[in-house]
$ cat upload-v1.txt   # compact mmCIF, C-alpha atoms
# COMPACT_ATOMS: atom_id res chain seq x y z
CA ILE A 1 -1.22 -25.42 21.42
CA GLY A 2 -4.43 -26.80 19.97
CA LYS A 3 -5.21 -28.60 23.20
CA ARG A 4 -4.72 -25.45 25.27
CA LEU A 5 -7.01 -23.53 22.91
CA ALA A 6 -9.68 -26.21 23.15
CA GLN A 7 -9.64 -26.04 26.95
CA MET A 8 -10.31 -22.29 27.00
CA ASN A 9 -13.75 -20.73 27.09
CA GLU A 10 -15.16 -18.87 24.09
CA ALA A 11 -14.05 -15.43 25.30
CA GLY A 12 -10.47 -16.59 25.84
CA ARG A 13 -10.29 -18.15 22.38
CA ARG A 14 -11.72 -14.97 20.89
CA ALA A 15 -9.02 -12.88 22.55
CA VAL A 16 -6.28 -15.17 21.24
CA GLU A 17 -7.78 -15.06 17.74
CA ARG A 18 -7.85 -11.30 17.72
CA GLU A 19 -4.27 -10.99 18.83
CA ALA A 20 -3.31 -13.40 16.05
CA ILE A 21 -5.06 -11.12 13.54
CA LEU A 22 -3.61 -7.88 14.92
CA GLY A 23 -0.04 -9.11 15.34
CA PRO A 24 2.70 -7.31 17.27
CA ARG A 25 1.70 -3.81 16.10
CA GLY A 26 -1.88 -4.01 17.35
CA GLY A 27 -1.76 -2.89 20.97
CA TRP A 28 -4.40 -2.84 23.68
CA VAL A 29 -6.55 -0.16 22.00
CA ALA A 30 -6.70 -2.19 18.79
CA ILE A 31 -7.78 -5.38 20.51
CA GLU A 32 -10.43 -3.45 22.47
CA GLN A 33 -11.85 -2.06 19.25
CA LEU A 34 -11.82 -5.41 17.51
CA TRP A 35 -13.26 -7.08 20.61
CA GLY A 36 -16.24 -4.73 20.62
CA ALA A 37 -16.98 -5.52 16.97
CA ASP A 38 -18.53 -8.88 17.92
CA ALA A 39 -22.09 -9.00 19.17
CA GLY A 40 -22.19 -10.23 22.76
CA ALA A 41 -18.51 -9.50 23.41
CA ALA A 42 -18.80 -6.78 26.04
CA PRO A 43 -15.58 -4.72 26.53
CA ALA A 44 -15.75 -5.39 30.27
CA ARG A 45 -14.98 -9.06 29.61
CA LEU A 46 -11.78 -8.41 27.68
CA ASP A 47 -9.52 -8.27 30.75
CA ALA A 48 -10.84 -11.62 31.95
CA ALA A 49 -10.38 -13.17 28.50
CA ILE A 50 -6.79 -11.93 28.24
CA GLU A 51 -6.09 -13.23 31.74
CA GLU A 52 -7.35 -16.69 30.78
CA ALA A 53 -5.10 -16.71 27.70
CA ARG A 54 -2.21 -15.59 29.88
CA MET A 55 -2.83 -18.37 32.39
CA ALA A 56 -2.94 -20.86 29.51
CA GLY A 57 0.57 -19.76 28.53
CA LEU A 58 -0.50 -18.32 25.17
CA LEU A 59 -0.43 -14.53 25.68
CA GLU A 60 1.39 -12.11 27.90
CA VAL A 61 0.76 -8.46 28.75
CA VAL A 62 3.75 -6.12 28.73
CA GLY A 63 4.11 -2.47 29.66
CA GLU A 64 1.72 -0.13 31.39
CA ALA A 65 1.15 2.97 29.29
CA PRO A 66 0.35 1.78 26.77
CA LYS A 67 -0.22 -1.87 27.58
CA ARG A 68 0.66 -4.31 24.82
CA ILE A 69 -0.25 -7.94 24.28
CA ARG A 70 1.95 -10.51 22.59
CA PHE A 71 2.23 -14.25 22.14
CA HIS A 72 4.69 -16.13 24.29
CA HIS A 73 6.27 -17.54 21.10
CA GLY A 74 6.01 -16.86 17.39
CA MET A 75 5.01 -20.48 16.78
CA ILE A 76 1.87 -20.00 18.89
CA HIS A 77 0.94 -16.97 16.78
CA GLU A 78 1.39 -18.95 13.56
CA VAL A 79 -0.64 -21.95 14.74
CA VAL A 80 -3.52 -19.80 16.01
CA TYR A 81 -3.58 -17.68 12.85
CA ARG A 82 -3.75 -20.75 10.60
CA SER A 83 -6.52 -22.24 12.72
CA ILE A 84 -8.88 -19.37 11.88
CA GLY A 85 -11.06 -20.14 8.87
CA ALA A 86 -10.35 -18.14 5.70
CA GLU A 87 -13.66 -16.25 5.64
CA ARG A 88 -13.53 -15.41 9.35
CA ARG A 89 -9.90 -14.38 9.05
CA ALA A 90 -10.78 -12.02 6.19
CA ARG A 91 -13.68 -10.55 8.15
CA LEU A 92 -11.49 -9.91 11.20
CA HIS A 93 -8.76 -8.32 9.06
CA TRP A 94 -11.34 -6.07 7.42
CA LEU A 95 -12.71 -5.07 10.82
CA ALA A 96 -9.19 -4.39 12.10
CA GLY A 97 -8.46 -2.16 9.11
CA THR A 98 -11.71 -0.20 9.21
CA ARG A 99 -11.50 0.25 12.98
CA GLY A 100 -7.87 1.30 12.52
CA GLU A 101 -8.93 4.06 10.10
CA GLU A 102 -11.28 5.39 12.79
CA ARG A 103 -8.63 5.44 15.54
CA VAL A 104 -7.44 8.80 16.83
CA GLY A 105 -5.39 9.80 19.84
CA ALA A 106 -2.25 8.31 21.34
CA GLU A 107 -2.14 5.04 19.39
CA PRO A 108 -3.06 5.59 15.73
CA LEU A 109 -2.33 2.60 13.51
CA PRO A 110 0.35 3.23 10.86
CA PRO A 111 -1.02 3.55 7.29
CA GLN A 112 0.97 0.42 6.33
CA THR A 113 -0.76 -1.68 9.02
CA ILE A 114 -4.23 -0.44 8.05
CA ALA A 115 -3.56 -1.18 4.38
CA GLU A 116 -2.26 -4.68 5.13
CA HIS A 117 -5.42 -5.51 7.12
CA LEU A 118 -7.74 -4.20 4.42
CA VAL A 119 -5.90 -6.04 1.65
CA ARG A 120 -6.12 -9.31 3.59
CA GLY A 121 -9.81 -8.73 4.22
CA VAL A 122 -10.83 -7.35 0.85
CA SER A 123 -12.77 -10.50 -0.07
CA VAL A 124 -15.43 -9.43 2.45
CA GLY A 125 -14.98 -5.67 1.91
CA THR A 126 -14.62 -3.27 -1.00
CA PRO A 127 -11.57 -2.99 -3.29
CA ALA A 128 -11.94 0.81 -3.49
CA ARG A 129 -11.51 1.28 0.26
CA ALA A 130 -8.52 -1.07 0.35
CA ARG A 131 -7.02 0.74 -2.65
CA ARG A 132 -7.27 4.13 -0.98
CA ALA A 133 -5.58 2.71 2.12
CA CYS A 134 -2.74 1.35 -0.04
CA GLU A 135 -2.31 4.74 -1.69
CA ARG A 136 -1.98 6.41 1.72
CA ALA A 137 0.49 3.72 2.80
CA ALA A 138 2.55 4.20 -0.38
CA ARG A 139 2.79 7.97 0.14
CA ALA A 140 3.70 7.54 3.81
CA ALA A 141 6.42 5.03 2.90
CA ALA A 142 7.85 7.33 0.24
CA GLU A 143 7.95 10.25 2.71
CA ARG A 144 10.27 8.28 4.98
CA GLY A 145 12.42 7.00 2.10
CA ALA A 146 11.07 3.42 2.08
CA PHE A 147 10.81 3.32 -1.71
CA ALA A 148 10.62 -0.47 -2.09
CA MET A 149 7.65 -0.52 0.30
CA ALA A 150 6.04 2.42 -1.50
CA THR A 151 6.41 0.58 -4.80
CA ALA A 152 4.79 -2.55 -3.36
CA PHE A 153 1.80 -0.54 -2.15
CA TRP A 154 1.43 1.23 -5.51
CA ARG A 155 1.40 -2.19 -7.20
CA GLN A 156 -1.24 -3.36 -4.74
CA SER A 157 -3.30 -0.21 -5.41
CA LEU A 158 -3.20 -0.93 -9.13
CA ASP A 159 -4.26 -4.56 -8.62
CA LEU A 160 -7.17 -3.48 -6.41
CA SER A 161 -8.26 -0.83 -8.92
CA ALA A 162 -8.61 -3.56 -11.55
CA ARG A 163 -10.92 -5.47 -9.15
CA GLU A 164 -13.37 -2.61 -8.69
CA PRO A 165 -16.83 -3.15 -10.25
CA ALA A 166 -16.42 -0.26 -12.69
CA VAL A 167 -12.81 0.00 -13.82
CA ASP A 168 -11.78 3.65 -14.14
CA ARG A 169 -9.15 3.84 -16.88
CA ARG A 170 -8.10 7.36 -15.93
CA ALA A 171 -7.62 6.34 -12.31
CA MET A 172 -5.60 3.31 -13.39
CA ALA A 173 -3.40 5.52 -15.57
CA GLU A 174 -2.84 7.83 -12.58
CA LEU A 175 -1.81 4.83 -10.48
CA ARG A 176 0.59 3.65 -13.19
CA ILE A 177 2.21 7.09 -13.18
CA GLU A 178 2.68 6.88 -9.41
CA LEU A 179 4.04 3.34 -9.73
CA ALA A 180 6.43 4.32 -12.54
CA SER A 181 7.76 7.26 -10.52
CA SER A 182 8.25 5.02 -7.48
CA LEU A 183 9.96 2.31 -9.51
CA LEU A 184 12.36 4.86 -10.97
CA VAL A 185 13.41 6.08 -7.52
CA ALA A 186 13.62 2.47 -6.31
CA GLY A 187 16.18 1.69 -9.04
CA GLN A 188 13.95 -0.28 -11.45
CA PRO A 189 14.08 1.82 -14.65
CA ASP A 190 12.85 -0.91 -17.02
CA ALA A 191 9.73 -1.56 -14.96
CA ALA A 192 9.22 2.21 -14.64
CA GLU A 193 9.37 2.63 -18.42
CA HIS A 194 6.90 -0.22 -18.96
CA ASN A 195 4.31 1.31 -16.62
CA ALA A 196 4.88 4.80 -18.02
CA GLU A 197 4.26 3.49 -21.55
CA LEU A 198 0.98 1.91 -20.46
CA ALA A 199 -0.07 5.19 -18.82
CA ILE A 200 0.90 7.14 -21.94
CA GLU A 201 -1.17 4.82 -24.13
CA ALA A 202 -4.18 5.18 -21.84
CA ALA A 203 -3.82 8.97 -21.88
CA ARG A 204 -3.69 8.96 -25.68
CA GLU A 205 -6.89 6.93 -25.86
CA LEU A 206 -8.58 9.21 -23.34
CA GLY A 207 -7.41 12.29 -25.27
CA ASP A 208 -5.94 13.80 -22.09
CA ALA A 209 -2.81 15.80 -22.97
CA GLN A 210 -1.97 16.71 -19.38
CA LEU A 211 -2.26 13.12 -18.20
CA GLN A 212 -0.03 12.08 -21.09
CA ALA A 213 2.56 14.71 -20.14
CA ARG A 214 2.63 13.52 -16.53
CA ALA A 215 3.04 9.93 -17.74
CA VAL A 216 5.94 10.95 -19.98
CA LEU A 217 7.63 12.66 -17.03
CA SER A 218 7.47 9.38 -15.09
CA ASP A 219 9.31 7.57 -17.91
CA GLY A 220 12.68 5.90 -17.41
CA PRO A 221 16.12 7.47 -17.98
CA LEU A 222 16.63 9.31 -21.26
CA ILE A 223 20.27 8.23 -21.41
CA ASP A 224 21.59 4.80 -20.47
CA LEU A 225 24.77 4.07 -18.53
CA GLY A 226 26.70 3.79 -21.78
CA GLY A 227 25.70 7.32 -22.83
CA ALA A 228 23.22 6.26 -25.53
CA VAL A 229 20.06 8.36 -25.86
CA ASP A 230 16.71 6.55 -25.69
CA GLU A 231 15.18 7.99 -28.87
CA ALA A 232 11.79 6.42 -28.15
CA SER A 233 11.60 8.40 -24.91
CA VAL A 234 12.62 11.57 -26.75
CA ARG A 235 9.83 11.01 -29.30
CA ARG A 236 7.33 10.59 -26.46
CA ILE A 237 8.43 13.97 -25.05
CA GLU A 238 8.07 15.63 -28.45
CA GLU A 239 4.64 14.08 -29.00
CA SER A 240 3.49 15.22 -25.58
CA LEU A 241 4.73 18.77 -26.19
CA ALA A 242 2.81 18.87 -29.49
CA ARG A 243 -0.41 17.87 -27.70
CA LEU A 244 -0.14 20.38 -24.85
CA GLU A 245 -1.44 23.93 -25.10
CA PRO A 246 1.33 26.30 -26.26
CA HIS A 247 1.33 28.49 -23.12
CA ASP A 248 4.06 27.92 -20.52
CA SER A 249 2.40 25.55 -18.10
CA PRO A 250 4.55 23.80 -15.43
CA LEU A 251 4.17 20.51 -17.32
CA ARG A 252 5.33 22.07 -20.57
CA VAL A 253 8.32 23.68 -18.85
CA ARG A 254 9.36 20.36 -17.31
CA LEU A 255 9.09 18.55 -20.66
CA LEU A 256 11.08 21.26 -22.42
CA GLY A 257 13.73 21.03 -19.73
CA ARG A 258 14.12 17.28 -20.24
CA LEU A 259 14.25 17.68 -24.00
CA ALA A 260 16.80 20.51 -23.81
CA TRP A 261 18.99 18.47 -21.49
CA VAL A 262 19.09 15.42 -23.78
CA ARG A 263 19.72 17.58 -26.88
CA HIS A 264 22.58 19.29 -25.06
CA HIS A 265 24.00 15.85 -24.27
CA GLN A 266 23.82 14.86 -27.95
CA ARG A 267 25.39 18.11 -29.12
CA ASP A 268 28.28 17.81 -26.66
CA GLY A 269 28.98 14.21 -27.59
CA GLY A 270 27.87 12.82 -24.25
CA ALA A 271 29.48 15.43 -22.02
CA ALA A 272 26.19 16.36 -20.28
CA ARG A 273 25.45 14.55 -17.10
CA LEU A 274 22.52 14.52 -14.67

$ encode --input "upload-v1.txt" --output "structure tokens"
Amino acid sequence: IGKRLAQMNEAGRRAVEREAILGPRGGWVAIEQLWGADAGAAPARLDAAIEEARMAGLLEVVGEAPKRIRFHHGMIHEVVYRSIGAERRARLHWLAGTRGEERVGAEPLPPQTIAEHLVRGVSVGTPARARRACERAARAAAERGAFAMATAFWRQSLDLSAREPAVDRRAMAELRIELASSLLVAGQPDAAEHNAELAIEAARELGDAQLQARAVLSDGPLIDLGGAVDEASVRRIEESLARLEPHDSPLRVRLLGRLAWVRHHQRDGGAARL
């Protein structure tokens, strides 16, 4: 594979590199956009570069509308990808992600793909932009019921937020609430409770009663599988209610509903069920 790459001209190697960065979900539009990002790489030369890579047995073009490009074998993809230097690889991923955000029309890149590119290229970009992409990817994943993927993107968003030049504690608390809610749906109640507690603590320190209430609502189950009530969670609800304004806001109503349900469970000796 290395020998075939070495025998190609610069344009052919560039085309193979870009396909390695884009992967199977890139498509012809994506490689055109990434191709045009390099000075001196005129779009008119892309067809010739792809043809050289095809003749070398590295790439193949499939389909007509839309055309797609792929490696002849997964091993070729892996070897080419690893041959790209770390800094250049990051720059190309960042370009692929930013160009993907600008794409409109028949072949928009999925939010997950854009986020993955920006995360891999964040060393040459900005954590805030990559974080926003991960948030969009998390919401898109949750909408289609891919809760494990949504959770992974919320974790990535939180990690990126911590890397921003000025760490915004309120924004991090918001992300922890999103992560806790996602973890709960994904069947990880202990991890959900841990992140909710951290968000609650941040809200206390910020003096934000509404943020604290939202964090409490993302907490883990109030009653375990054995029927025992989590009294610490109940105390967090009561504390949050005491901090909120007394009028019937949606947050207050939701907290009162959770508290009423758990008290009903206690009164009935465990008869209440979700």

$ closest_residue --input "upload-v1.txt" --among "A:Leu59, A:Val185, A:Leu46, A:Ala199" --to "A:Ala142" --atoms "all atoms listed in the file"
A:Val185

$ closest_atom_pairs --input "upload-v1.txt" --of "stretch 121-221 of chain A" --to "stretch 235-243 of chain A" --cutoff "7 Å" --atoms "only C-alpha atoms" --output "tab-separated table"
residue	atom	partner	partner_atom	distance
A:Ala209	CA	A:Arg243	CA	5.7
A:Gln212	CA	A:Ser240	CA	6.5
A:Ala213	CA	A:Ser240	CA	5.5
A:Val216	CA	A:Ile237	CA	6.4

$ atom_distance --input "upload-v1.txt" --atom1 "atom CA of A:Ala56" --atom2 "atom CA of A:Trp94"
27.9 Å

$ atom_distance --input "upload-v1.txt" --atom1 "atom CA of A:Leu251" --atom2 "atom CA of A:Gln156"
27.5 Å

$ closest_residue --input "upload-v1.txt" --among "A:Pro110, A:Gly187, A:Gly12, A:Pro127" --to "A:Ala49" --atoms "all atoms listed in the file"
A:Gly12

$ residues_around --input "upload-v1.txt" --residues "A:Arg89" --least-positions-apart "3" --cutoff "10 Å" --atoms "only C-alpha atoms" --output "ChimeraX atom specification"
/A:17-18,20-21,81-86,92-95,120-121,124

$ closest_residue --input "upload-v1.txt" --among "A:Cys134, A:Leu175, A:Ala128, A:Met75" --to "A:Phe153" --atoms "all atoms listed in the file"
A:Cys134

$ atom_distance --input "upload-v1.txt" --atom1 "atom CA of A:Ile177" --atom2 "atom CA of A:Asn195"
7.0 Å

$ closest_residue --input "upload-v1.txt" --among "A:Ser161, A:Gly23, A:Arg252, A:Glu51" --to "A:Ala11" --atoms "only C-alpha atoms"
A:Glu51

$ closest_residue --input "upload-v1.txt" --among "A:Leu184, A:Ala96, A:Leu160, A:Ala173" --to "A:Leu198" --atoms "all atoms listed in the file"
A:Ala173

$ residues_around --input "upload-v1.txt" --residues "A:Val234" --least-positions-apart "6" --cutoff "12 Å" --atoms "all atoms listed in the file" --output "PyMOL selection string"
chain A and resi 216-217+219-223+228+240-241+255-263+266

$ write_last_selection --input "upload-v1.txt" --atoms "C-alpha atoms" --output "short mmCIF file (atom, residue, chain, number, x, y, z; two decimals), in the frame of the given file"
data_model
loop_
_atom_site.label_atom_id
_atom_site.label_comp_id
_atom_site.auth_asym_id
_atom_site.auth_seq_id
_atom_site.Cartn_x
_atom_site.Cartn_y
_atom_site.Cartn_z
CA VAL A 216 5.94 10.95 -19.98
CA LEU A 217 7.63 12.66 -17.03
CA ASP A 219 9.31 7.57 -17.91
CA GLY A 220 12.68 5.90 -17.41
CA PRO A 221 16.12 7.47 -17.98
CA LEU A 222 16.63 9.31 -21.26
CA ILE A 223 20.27 8.23 -21.41
CA ALA A 228 23.22 6.26 -25.53
CA SER A 240 3.49 15.22 -25.58
CA LEU A 241 4.73 18.77 -26.19
CA LEU A 255 9.09 18.55 -20.66
CA LEU A 256 11.08 21.26 -22.42
CA GLY A 257 13.73 21.03 -19.73
CA ARG A 258 14.12 17.28 -20.24
CA LEU A 259 14.25 17.68 -24.00
CA ALA A 260 16.80 20.51 -23.81
CA TRP A 261 18.99 18.47 -21.49
CA VAL A 262 19.09 15.42 -23.78
CA ARG A 263 19.72 17.58 -26.88
CA GLN A 266 23.82 14.86 -27.95
#

$ closest_residue --input "upload-v1.txt" --among "A:Gln210, A:Gln33, A:Gln112, A:Asn9" --to "A:Ala48" --atoms "only C-alpha atoms"
A:Asn9
